[in-house]
file model_24.txt (compact mmCIF, C-alpha atoms and all ligand atoms)
# COMPACT_ATOMS: atom_id res chain seq x y z
CA MET A 168 45.85 -47.28 -61.21
CA THR A 169 42.15 -46.65 -61.53
CA VAL A 170 39.70 -47.43 -58.74
CA PRO A 171 37.02 -49.83 -59.84
CA GLU A 172 33.74 -48.01 -60.38
CA LYS A 173 31.89 -50.25 -57.92
CA ASP A 174 34.27 -49.37 -55.03
CA ASN A 175 33.89 -45.67 -55.82
CA GLU A 176 30.14 -45.94 -55.69
CA THR A 177 30.23 -47.77 -52.31
CA GLU A 178 32.54 -45.15 -50.87
CA LEU A 179 30.25 -42.36 -52.04
CA LYS A 180 27.27 -44.12 -50.52
CA GLN A 181 29.13 -44.53 -47.23
CA GLN A 182 30.15 -40.88 -47.27
CA SER A 183 26.62 -39.72 -47.92
CA LEU A 184 25.37 -41.97 -45.09
CA LEU A 185 28.01 -40.49 -42.80
CA PHE A 186 27.04 -36.92 -43.75
CA ARG A 187 23.41 -37.69 -43.11
CA GLN A 188 24.32 -39.12 -39.70
CA ILE A 189 26.41 -36.05 -38.86
CA PHE A 190 23.62 -33.77 -40.02
CA LYS A 191 21.06 -35.71 -37.96
CA SER A 192 23.30 -35.64 -34.92
CA GLN A 193 23.86 -31.86 -35.35
CA LYS A 194 20.14 -31.30 -35.63
CA TRP A 195 19.58 -33.47 -32.59
CA TRP A 196 22.01 -31.36 -30.51
CA GLN A 197 20.60 -28.10 -31.86
CA ASN A 198 17.11 -29.26 -30.85
CA ILE A 199 18.37 -30.03 -27.38
CA ILE A 200 20.06 -26.60 -27.15
CA ASP A 201 16.88 -24.93 -28.42
CA ALA A 202 14.83 -26.73 -25.77
CA ILE A 203 16.80 -24.81 -23.11
CA THR A 204 14.76 -21.78 -22.09
CA ASP A 205 17.76 -19.94 -20.60
CA TYR A 206 19.68 -17.75 -23.04
CA LEU A 207 22.65 -19.69 -24.40
CA PHE A 208 25.37 -18.49 -26.74
CA VAL A 209 28.92 -19.52 -27.60
CA ILE A 210 31.47 -16.87 -28.57
CA ASP A 211 35.03 -16.85 -29.77
CA GLN A 212 37.89 -14.75 -28.40
CA GLU A 213 36.63 -11.75 -30.39
CA TYR A 214 33.16 -12.07 -28.85
CA LYS A 215 31.69 -13.29 -32.15
CA ILE A 216 28.78 -15.69 -31.86
CA LEU A 217 29.63 -19.24 -32.92
CA ARG A 218 26.47 -20.92 -31.73
CA THR A 219 23.29 -19.85 -30.02
CA ASN A 220 19.92 -21.19 -29.01
CA LYS A 221 16.47 -19.99 -30.06
CA ALA A 222 15.76 -18.33 -26.69
CA PHE A 223 18.80 -16.03 -27.02
CA ALA A 224 18.08 -15.14 -30.67
CA ASN A 225 14.38 -14.57 -29.88
CA LEU A 226 15.42 -12.09 -27.21
CA PHE A 227 16.43 -9.82 -30.11
CA ASP A 228 13.71 -10.97 -32.53
CA LYS A 229 16.32 -12.73 -34.68
CA ASP A 230 16.80 -16.11 -36.24
CA PRO A 231 19.72 -18.05 -34.66
CA ALA A 232 21.25 -18.66 -38.13
CA ASN A 233 21.31 -14.92 -38.89
CA ILE A 234 23.39 -13.88 -35.92
CA ILE A 235 26.27 -16.32 -36.31
CA MET A 236 29.63 -14.47 -36.42
CA THR A 237 28.00 -11.25 -35.18
CA PRO A 238 29.81 -9.72 -32.18
CA TYR A 239 27.33 -10.62 -29.41
CA TYR A 240 27.41 -7.10 -27.87
CA GLU A 241 26.02 -5.53 -31.08
CA LEU A 242 22.74 -7.31 -30.31
CA PHE A 243 22.67 -5.33 -27.05
CA ASP A 244 23.28 -2.12 -29.04
CA LEU A 245 26.76 -1.76 -27.55
CA THR A 246 30.07 -0.96 -29.19
CA GLY A 247 32.05 -3.28 -26.93
CA PRO A 248 31.56 -6.25 -24.60
CA HIS A 249 29.93 -5.94 -21.18
CA GLU A 250 32.32 -5.82 -18.25
CA TRP A 251 31.07 -9.27 -17.14
CA ALA A 252 31.94 -10.72 -20.54
CA THR A 253 35.55 -9.58 -20.28
CA LEU A 254 35.64 -10.74 -16.70
CA LEU A 255 34.25 -14.17 -17.45
CA ILE A 256 36.31 -14.72 -20.58
CA GLU A 257 39.64 -14.20 -18.73
CA LYS A 258 41.81 -17.12 -19.61
CA GLU A 259 43.87 -17.68 -16.44
CA SER A 260 41.34 -20.04 -15.02
CA LEU A 261 39.50 -22.49 -17.16
CA GLN A 262 36.90 -22.95 -14.50
CA PRO A 263 33.20 -22.20 -15.01
CA LYS A 264 32.28 -18.84 -13.45
CA SER A 265 29.05 -17.05 -12.57
CA VAL A 266 28.08 -13.45 -11.92
CA GLU A 267 24.78 -11.71 -11.21
CA ARG A 268 24.03 -8.61 -13.29
CA GLU A 269 21.20 -6.20 -14.13
CA ILE A 270 20.57 -5.88 -17.86
CA ASN A 271 17.78 -3.65 -19.19
CA GLY A 272 15.85 -3.80 -15.91
CA SER A 273 16.07 -7.59 -15.44
CA THR A 274 18.45 -9.55 -13.20
CA TYR A 275 20.44 -12.37 -14.79
CA LEU A 276 22.71 -15.05 -13.44
CA ILE A 277 25.37 -15.25 -16.15
CA SER A 278 27.56 -18.34 -16.22
CA SER A 279 30.50 -18.97 -18.48
CA TYR A 280 32.12 -22.26 -19.45
CA PRO A 281 35.41 -22.27 -21.39
CA ILE A 282 35.49 -24.87 -24.19
CA TYR A 283 37.57 -25.78 -27.22
CA PHE A 284 35.36 -25.41 -30.31
CA ASP A 285 36.29 -25.84 -33.98
CA GLU A 286 39.99 -25.73 -33.11
CA HIS A 287 39.55 -22.43 -31.26
CA ASP A 288 39.14 -21.32 -27.69
CA ALA A 289 35.54 -20.42 -27.12
CA THR A 290 33.25 -19.63 -24.22
CA VAL A 291 29.73 -20.84 -23.61
CA TYR A 292 27.53 -18.28 -21.90
CA ILE A 293 24.24 -19.10 -20.20
CA MET A 294 22.09 -16.20 -19.02
CA LYS A 295 19.35 -17.14 -16.58
CA ASP A 296 16.63 -14.60 -15.86
CA ILE A 297 16.41 -14.56 -12.06
CA THR A 298 14.42 -11.31 -11.70
CA GLU A 299 11.48 -13.06 -9.99
CA THR A 300 13.70 -15.25 -7.77
CA ARG A 301 15.68 -12.18 -6.67
CA ARG A 302 12.45 -10.29 -5.92
CA LEU A 303 11.14 -13.18 -3.81
CA LYS A 304 14.49 -13.52 -2.03
CA ASP A 305 14.48 -9.80 -1.21
CA GLN A 306 10.90 -10.11 0.03
CA VAL A 307 11.78 -13.04 2.33
CA TYR A 308 14.78 -11.09 3.61
CA HIS A 309 12.55 -8.07 4.21
CA LEU A 310 9.92 -10.17 6.05
CA ASP A 311 12.62 -11.80 8.11
CA LYS A 312 13.98 -8.37 9.04
CA LEU A 313 10.47 -7.23 9.96
CA SER A 314 9.81 -10.24 12.16
CA SER A 315 13.06 -9.83 14.13
CA LEU A 316 12.38 -6.11 14.34
CA GLY A 317 8.92 -6.95 15.73
CA THR A 318 10.36 -9.15 18.49
CA LEU A 319 13.00 -6.57 19.37
CA THR A 320 10.49 -3.74 19.30
CA SER A 321 7.99 -5.39 21.61
CA GLY A 322 10.74 -6.19 24.14
CA VAL A 323 12.06 -2.64 24.17
CA ALA A 324 8.56 -1.14 24.22
CA HIS A 325 7.53 -3.20 27.27
CA GLU A 326 10.72 -2.20 29.10
CA ILE A 327 10.13 1.49 28.41
CA ASN A 328 6.43 1.44 29.25
CA ASN A 329 6.81 1.01 33.02
CA PRO A 330 9.26 3.84 33.79
CA LEU A 331 7.28 6.03 31.38
CA THR A 332 4.05 5.51 33.31
CA GLY A 333 5.94 6.68 36.43
CA ILE A 334 7.25 9.81 34.67
CA ILE A 335 3.78 10.72 33.39
CA GLY A 336 2.09 10.10 36.77
CA TYR A 337 4.59 12.10 38.83
CA THR A 338 4.70 14.96 36.32
CA GLU A 339 0.91 15.16 36.42
CA MET A 340 1.03 15.29 40.21
CA LEU A 341 3.71 18.00 40.20
CA LEU A 342 1.73 19.98 37.62
CA MET A 343 -1.29 19.99 39.90
CA LYS A 344 0.67 20.93 43.03
CA ASN A 345 3.05 23.48 41.62
CA LYS A 346 2.09 27.16 41.69
CA ASP A 347 5.20 28.59 40.00
CA ASP A 348 4.37 29.43 36.34
CA THR A 349 7.92 28.89 35.03
CA HIS A 350 8.13 25.52 36.75
CA LYS A 351 4.70 24.63 35.37
CA LYS A 352 5.84 25.52 31.85
CA TYR A 353 8.89 23.27 32.19
CA LEU A 354 6.80 20.48 33.69
CA GLN A 355 4.27 20.77 30.88
CA ASN A 356 7.18 20.27 28.42
CA VAL A 357 8.26 17.14 30.31
CA TYR A 358 4.66 15.90 30.34
CA ASP A 359 4.11 16.54 26.59
CA SER A 360 7.35 14.78 25.67
CA ALA A 361 6.52 11.81 27.90
CA ILE A 362 3.04 11.53 26.30
CA ARG A 363 4.70 11.55 22.89
CA CYS A 364 7.04 8.75 24.01
CA LYS A 365 4.00 6.81 25.23
CA LYS A 366 2.38 7.19 21.83
CA ILE A 367 5.51 5.87 20.13
CA VAL A 368 5.68 2.92 22.53
CA GLU A 369 2.00 2.13 21.91
CA ASN A 370 2.62 2.27 18.18
CA MET A 371 5.58 -0.04 18.55
CA LEU A 372 3.50 -2.54 20.50
CA THR A 373 0.77 -2.44 17.88
CA PHE A 374 3.39 -2.84 15.21
CA SER A 375 4.67 -6.03 16.80
CA ARG A 376 0.99 -6.93 17.38
CA GLN A 377 1.31 -8.56 20.74
CA HIS A 378 -2.41 -8.43 21.41
CA ARG A 379 -4.70 -10.96 19.73
CA ALA A 380 -7.14 -9.70 17.16
CA GLU A 381 -10.71 -9.83 18.46
CA LYS A 382 -12.90 -10.19 15.44
CA SER A 383 -16.59 -9.49 15.15
CA ILE A 384 -18.90 -8.81 12.22
CA GLU A 385 -18.61 -5.09 11.52
CA LYS A 386 -20.10 -2.70 9.00
CA VAL A 387 -17.20 -0.94 7.30
CA ASN A 388 -19.22 2.24 6.53
CA ASP A 389 -20.16 2.62 10.23
CA LEU A 390 -16.59 2.07 11.37
CA ILE A 391 -15.32 4.76 8.97
CA ASN A 392 -18.00 7.16 10.24
CA ARG A 393 -17.08 6.51 13.85
CA THR A 394 -13.36 7.02 13.16
CA VAL A 395 -14.01 10.30 11.35
CA GLU A 396 -16.23 11.45 14.24
CA LEU A 397 -13.41 10.74 16.68
CA HIS A 398 -11.38 13.22 14.73
CA GLU A 399 -14.19 15.68 13.94
CA TYR A 400 -12.91 18.51 16.10
CA TRP A 401 -9.54 18.52 14.43
CA LEU A 402 -11.06 18.30 10.95
CA LYS A 403 -13.27 21.34 11.66
CA SER A 404 -10.33 23.42 12.83
CA THR A 405 -8.40 22.61 9.65
CA ASN A 406 -11.46 23.26 7.48
CA ILE A 407 -11.13 19.98 5.61
CA LYS A 408 -14.18 18.66 3.79
CA ILE A 409 -15.00 14.98 4.24
CA ILE A 410 -16.68 13.27 1.29
CA ARG A 411 -18.53 10.02 1.97
CA ASP A 412 -19.35 7.90 -1.04
CA TYR A 413 -20.50 4.63 0.48
CA GLY A 414 -21.73 1.61 -1.40
CA ASP A 415 -23.93 -1.17 -0.10
CA VAL A 416 -21.29 -3.18 1.70
CA PRO A 417 -21.95 -6.38 3.70
CA GLY A 418 -20.58 -6.86 7.22
CA ILE A 419 -17.09 -8.29 7.48
CA SER A 420 -15.35 -10.15 10.27
CA ILE A 421 -12.65 -7.82 11.56
CA ASP A 422 -11.02 -6.47 14.73
CA ARG A 423 -12.86 -3.16 15.11
CA GLN A 424 -10.05 -1.39 16.95
CA GLN A 425 -7.43 -2.45 14.42
CA PHE A 426 -9.57 -1.40 11.47
CA GLN A 427 -10.26 2.00 13.02
CA GLN A 428 -6.56 2.39 13.59
CA VAL A 429 -5.90 1.82 9.87
CA ILE A 430 -8.51 4.42 8.89
CA LEU A 431 -7.25 6.90 11.48
CA ASN A 432 -3.68 6.52 10.20
CA LEU A 433 -4.83 7.20 6.64
CA LEU A 434 -6.95 10.14 7.79
CA ILE A 435 -4.11 11.79 9.72
CA ASN A 436 -1.66 11.20 6.85
CA ALA A 437 -4.14 12.83 4.46
CA GLU A 438 -4.50 15.84 6.80
CA HIS A 439 -0.74 16.27 6.98
CA ALA A 440 -0.44 16.06 3.18
CA ILE A 441 -3.20 18.66 2.75
CA SER A 442 -1.57 21.01 5.26
CA GLU A 443 1.49 21.09 2.99
CA ARG A 444 -0.58 22.59 0.17
CA ASN A 445 -2.45 25.81 0.04
CA VAL A 446 -5.74 24.31 -1.12
CA LYS A 447 -9.21 23.70 0.18
CA GLY A 448 -8.66 20.26 1.64
CA GLU A 449 -10.83 17.27 0.73
CA ILE A 450 -10.64 13.74 2.01
CA ALA A 451 -12.90 11.17 0.37
CA PHE A 452 -13.92 7.76 1.68
CA ARG A 453 -15.35 5.47 -0.98
CA THR A 454 -16.58 1.95 -0.32
CA SER A 455 -17.94 -0.69 -2.63
CA TYR A 456 -18.58 -4.41 -2.73
CA ASN A 457 -17.29 -6.62 -5.52
CA GLU A 458 -19.64 -9.59 -5.78
CA LYS A 459 -17.35 -11.43 -8.18
CA THR A 460 -14.35 -11.46 -5.84
CA GLY A 461 -16.45 -11.30 -2.68
CA SER A 462 -14.37 -8.44 -1.36
CA VAL A 463 -14.89 -4.98 0.03
CA ASN A 464 -13.05 -2.11 -1.56
CA ILE A 465 -12.19 0.98 0.50
CA ILE A 466 -10.53 3.99 -1.09
CA VAL A 467 -9.23 6.89 0.98
CA SER A 468 -8.23 9.82 -1.24
CA ASP A 469 -6.90 13.28 -0.50
CA ASN A 470 -5.97 16.34 -2.54
CA GLY A 471 -2.74 16.81 -0.61
CA SER A 472 0.87 17.18 -1.68
CA GLY A 473 1.20 13.73 -3.30
CA ILE A 474 4.13 11.37 -2.82
CA PRO A 475 7.34 11.67 -4.89
CA PRO A 476 8.17 8.44 -6.81
CA ASP A 477 11.38 7.80 -4.85
CA VAL A 478 9.47 8.01 -1.55
CA LEU A 479 6.55 5.88 -2.76
CA ALA A 480 8.51 2.62 -2.58
CA LYS A 481 9.37 3.15 1.08
CA ILE A 482 6.16 4.41 2.68
CA PHE A 483 5.12 1.00 4.05
CA ASP A 484 8.55 0.43 5.67
CA PRO A 485 8.57 0.67 9.46
CA PHE A 486 10.08 3.90 10.79
CA PHE A 487 10.10 5.50 7.36
CA THR A 488 8.86 9.07 7.65
CA THR A 489 9.36 12.36 5.86
CA LYS A 490 7.84 14.27 8.78
CA PRO A 491 9.65 16.25 11.47
CA VAL A 492 10.47 14.45 14.73
CA ASN A 493 7.42 15.65 16.62
CA LYS A 494 4.98 14.85 13.82
CA GLY A 495 5.59 11.28 12.70
CA THR A 496 7.14 8.02 13.90
CA GLY A 497 6.93 6.36 10.48
CA LEU A 498 4.95 3.43 11.83
CA GLY A 499 1.42 4.35 10.70
CA LEU A 500 1.43 2.72 7.27
CA SER A 501 3.53 -0.30 8.26
CA ILE A 502 0.98 -1.00 11.01
CA ALA A 503 -1.88 -0.51 8.53
CA HIS A 504 -0.18 -2.83 6.05
CA GLY A 505 0.32 -5.50 8.72
CA ILE A 506 -3.29 -5.32 9.92
CA ILE A 507 -4.75 -5.55 6.42
CA ALA A 508 -2.38 -8.35 5.37
CA GLU A 509 -3.28 -10.34 8.50
CA GLN A 510 -6.90 -10.02 7.42
CA GLY A 511 -5.99 -11.57 4.05
CA GLY A 512 -6.42 -8.23 2.27
CA THR A 513 -4.23 -5.80 0.39
CA ILE A 514 -3.44 -2.10 0.67
CA GLU A 515 -2.04 -0.22 -2.30
CA VAL A 516 -1.22 3.38 -3.06
CA GLU A 517 -1.60 5.63 -6.08
CA SER A 518 -0.22 9.13 -5.97
CA SER A 519 0.31 12.09 -8.21
CA MET A 520 2.63 14.91 -7.16
CA GLY A 521 0.76 18.15 -6.47
CA LYS A 522 -2.62 16.45 -6.99
CA GLY A 523 -3.14 13.96 -4.22
CA THR A 524 -2.97 10.41 -3.02
CA SER A 525 -5.31 7.42 -2.81
CA PHE A 526 -4.95 4.37 -0.62
CA ILE A 527 -6.89 1.37 -1.92
CA ILE A 528 -7.80 -1.37 0.52
CA ASN A 529 -9.26 -4.69 -0.54
CA LEU A 530 -10.68 -6.94 2.17
CA PRO A 531 -12.14 -10.39 1.60
CA CYS A 532 -15.58 -10.80 3.14
CA SER A 533 -15.28 -14.38 4.32
N1 LIG B 601 -1.73 10.75 2.06
C1 LIG B 601 -0.42 10.98 1.96
N2 LIG B 601 0.04 12.00 1.18
C2 LIG B 601 1.37 12.24 1.07
N3 LIG B 601 2.33 11.51 1.68
C3 LIG B 601 1.95 10.49 2.46
C4 LIG B 601 0.56 10.16 2.65
N4 LIG B 601 0.49 9.08 3.46
C5 LIG B 601 1.76 8.76 3.78
N5 LIG B 601 2.64 9.60 3.20
C6 LIG B 601 4.11 9.54 3.28
O1 LIG B 601 4.46 8.26 3.83
C7 LIG B 601 5.28 8.43 4.99
C8 LIG B 601 5.02 7.28 5.93
O2 LIG B 601 3.70 7.35 6.45
P1 LIG B 601 3.38 6.65 7.84
O3 LIG B 601 1.96 6.86 8.13
O4 LIG B 601 3.90 5.27 7.83
O5 LIG B 601 4.31 7.44 8.86
P2 LIG B 601 4.16 8.94 9.36
O6 LIG B 601 2.83 9.47 9.03
O7 LIG B 601 5.33 9.69 8.85
O8 LIG B 601 4.29 8.75 10.93
P3 LIG B 601 3.19 8.10 11.94
O9 LIG B 601 2.05 7.62 11.11
O10 LIG B 601 3.91 6.96 12.58
O11 LIG B 601 2.85 9.17 12.87
C9 LIG B 601 4.93 9.79 5.51
O12 LIG B 601 5.96 10.34 6.29
C10 LIG B 601 4.69 10.58 4.22
O13 LIG B 601 5.90 11.00 3.65
MG MG B 602 1.06 8.32 9.48

call {"tool": "encode", "arguments": {"input": "model_24.txt", "output": "structure tokens"}}
result
Amino acid sequence: MTVPEKDNETELKQQSLLFRQIFKSQKWWQNIIDAITDYLFVIDQEYKILRTNKAFANLFDKDPANIIMTPYYELFDLTGPHEWATLLIEKESLQPKSVEREINGSTYLISSYPIYFDEHDATVYIMKDITETRRLKDQVYHLDKLSSLGTLTSGVAHEINNPLTGIIGYTEMLLMKNKDDTHKKYLQNVYDSAIRCKKIVENMLTFSRQHRAEKSIEKVNDLINRTVELHEYWLKSTNIKIIRDYGDVPGISIDRQQFQQVILNLLINAEHAISERNVKGEIAFRTSYNEKTGSVNIIVSDNGSGIPPDVLAKIFDPFFTTKPVNKGTGLGLSIAHGIIAEQGGTIEVESSMGKGTSFIINLPCS
């Protein structure tokens, strides 16, 4: 029996309408998938890409259509799947899973969703770049640690301060009264150690900044000069040359004592770094005013040993030191960082091994 021509035509029309609707619907879904900025791809049991969005393909400078049926790991220049891919694709549980992984220096939250696609088992992967979120989380955690450390430190420091004052006072008295040289030598050792403890306690108290900042309008160039003068004797004995390259800098509102403490810390650090090298030491103080940003720029540079890259990331951490026990407490730079940050400024470091180090401070004027 032959189908009447009219019926055939209607059926064809209906089919073509249906195809167009399917095509439109596919395009619609693809557009939605492409609007997702996270990296999305669907793979089969052999890790071959069945579907992907633009963001994922763009990651490898490819067109989504050109990477279909490519084993996904080849795009990462690998010969096999990542361990997270095998982990997430495991079939025992058909539950969505998530893992956090580092890939090429970025942190991703990778989630997998098992689905049934085109009559096959498949897995949808969504990779979310959480590098910035992770960095901020770590920073909050670090700040939180610092604030509890500050509270703890100030408590302990106050407790230690009183008995320490007693030890120093009585040792001083015994030193004056005692005539026996051996006893005096031992007492001097006790005295020196107690003074060192006092210095640590003072540093700890400054670190937790229990005293209120007393701000006044100060001239940065004058404050640097005064701090260097305080240390003049020591600088002469070490034969270090001080270079002053001061710009015309307006007065800024700052706690004089705190600012001098920052400069002194940088100066002493520079001296230590120079003493580790057999060179004619130079420490330069450069100041300038940036009218555009309305901030004062202070650079303290030395031609000391420099800081190795693995140490550089830790130098602002409290109690981090590379110096022997009697030379550093590891609080100098964390105190400096805290003081400058409280002032709304920044302190950064640039260092080159065997050449020297520069600390760059930026302080807003208002
Ligand atoms: N100018 C510099 N050159 C080379 N290394 C430096 C310099 N400044 C700091 N560092 C490094 O950073 C570390 C931390 O410095 P920081 O001032 O916080 O502590 P410290 O000098 O070790 O002890 P403290 O200042 O409490 O006596 C130092 O131990 C040193 O390794
Ligand atoms: Mg120091």

call {"tool": "axis_aligned_box", "arguments": {"input": "model_24.txt", "around": "ligand LIG 601 (chain B)", "padding_each_side": "4 Å", "output": "JSON"}}
result
{"center_x": 2.1, "center_y": 8.8, "center_z": 7.0, "size_x": 15.7, "size_y": 15.0, "size_z": 19.8}

call {"tool": "residues_near_ligand", "arguments": {"input": "model_24.txt", "ligand": "ligand MG 602 (chain B)", "cutoff": "12 Å", "atoms": "only C-alpha atoms and all ligand atoms", "output": "PyMOL selection string"}}
result
chain A and resi 367+370+428-440+482-491+494-504

call {"tool": "atom_distance", "arguments": {"input": "model_24.txt", "atom1": "CA of Gly336 in chain A", "atom2": "atom P1 of ligand LIG 601 (chain B)"}}
result
29.2 Å

call {"tool": "closest_atom_pairs", "arguments": {"input": "model_24.txt", "of": "range 238-350 of chain A", "to": "range 201-220 of chain A", "cutoff": "12 Å", "atoms": "all atoms listed in the file", "output": "CSV"}}
result
residue,atom,partner,partner_atom,distance
A:Pro238,CA,A:Lys215,CA,4.0
A:Tyr239,CA,A:Lys215,CA,5.8
A:Tyr240,CA,A:Tyr214,CA,7.7
A:Glu241,CA,A:Lys215,CA,9.7
A:Leu242,CA,A:Ile216,CA,10.4
A:Thr246,CA,A:Tyr214,CA,11.5
A:Gly247,CA,A:Tyr214,CA,9.1
A:Pro248,CA,A:Tyr214,CA,7.4
A:His249,CA,A:Tyr214,CA,10.3
A:Ala252,CA,A:Tyr214,CA,8.5
A:Thr253,CA,A:Tyr214,CA,9.2
A:Leu255,CA,A:Gln212,CA,11.6
A:Ile256,CA,A:Gln212,CA,8.0
A:Glu257,CA,A:Gln212,CA,9.8
A:Lys258,CA,A:Gln212,CA,9.9
A:Tyr275,CA,A:Tyr206,CA,9.9
A:Leu276,CA,A:Asp205,CA,10.0
A:Ile277,CA,A:Tyr206,CA,9.3
A:Ser278,CA,A:Leu207,CA,9.6
A:Ser279,CA,A:Val209,CA,9.3
A:Tyr280,CA,A:Val209,CA,9.2
A:Pro281,CA,A:Val209,CA,9.4
A:Ile282,CA,A:Val209,CA,9.1
A:Tyr283,CA,A:Asp211,CA,9.6
A:Phe284,CA,A:Asp211,CA,8.6
A:Asp285,CA,A:Leu217,CA,9.4
A:Glu286,CA,A:Asp211,CA,10.7
A:His287,CA,A:Asp211,CA,7.3
A:Asp288,CA,A:Asp211,CA,6.4
A:Ala289,CA,A:Asp211,CA,4.5
A:Thr290,CA,A:Ile210,CA,5.5
A:Val291,CA,A:Val209,CA,4.3
A:Tyr292,CA,A:Phe208,CA,5.3
A:Ile293,CA,A:Leu207,CA,4.5
A:Met294,CA,A:Tyr206,CA,4.9
A:Lys295,CA,A:Asp205,CA,5.2
A:Asp296,CA,A:Asp205,CA,7.2
A:Ile297,CA,A:Asp205,CA,10.2

call {"tool": "atom_distance", "arguments": {"input": "model_24.txt", "atom1": "CA of Glu385 in chain A", "atom2": "CA of Ser468 in chain A"}}
result
22.2 Å

call {"tool": "residues_around", "arguments": {"input": "model_24.txt", "residues": "Asn445 in chain A", "least_positions_apart": "5", "cutoff": "12 Å", "atoms": "all atoms listed in the file", "output": "list in words"}}
result
Thr405, Asn406, Ile407, His439, Ala440, Asn470, Gly471, Ser472, Gly521 and Lys522 of chain A

call {"tool": "closest_residue", "arguments": {"input": "model_24.txt", "among": "A:Ile507, A:Val368, A:Leu402, A:Asn529", "to": "ligand LIG 601 (chain B)", "atoms": "all atoms listed in the file"}}
result
A:Val368

call {"tool": "residues_around", "arguments": {"input": "model_24.txt", "residues": "range 355-365 of chain A", "least_positions_apart": "2", "cutoff": "12 Å", "atoms": "all atoms listed in the file", "output": "JSON, numbers by chain"}}
result
{"A": [324, 325, 326, 327, 328, 329, 330, 331, 332, 333, 334, 335, 336, 337, 338, 339, 340, 341, 342, 343, 345, 348, 349, 350, 351, 352, 353, 367, 368, 369, 370, 371, 372, 492, 493, 494, 495, 496]}

call {"tool": "closest_residue", "arguments": {"input": "model_24.txt", "among": "A:Leu179, A:Val307, A:Ile409, A:Ile200", "to": "Ala222 in chain A", "atoms": "only C-alpha atoms"}}
result
A:Ile200

call {"tool": "atom_distance", "arguments": {"input": "model_24.txt", "atom1": "CA of Ile421 in chain A", "atom2": "atom C1 of ligand LIG 601 (chain B)"}}
result
24.4 Å

call {"tool": "closest_residue", "arguments": {"input": "model_24.txt", "among": "A:Thr524, A:Ser265, A:Thr394, A:Ser533", "to": "Ser420 in chain A", "atoms": "all atoms listed in the file"}}
result
A:Ser533

call {"tool": "closest_residue", "arguments": {"input": "model_24.txt", "among": "A:Asn175, A:Ser455, A:Asn225, A:Ser442", "to": "ligand LIG 601 (chain B)", "atoms": "only C-alpha atoms and all ligand atoms"}}
result
A:Ser442
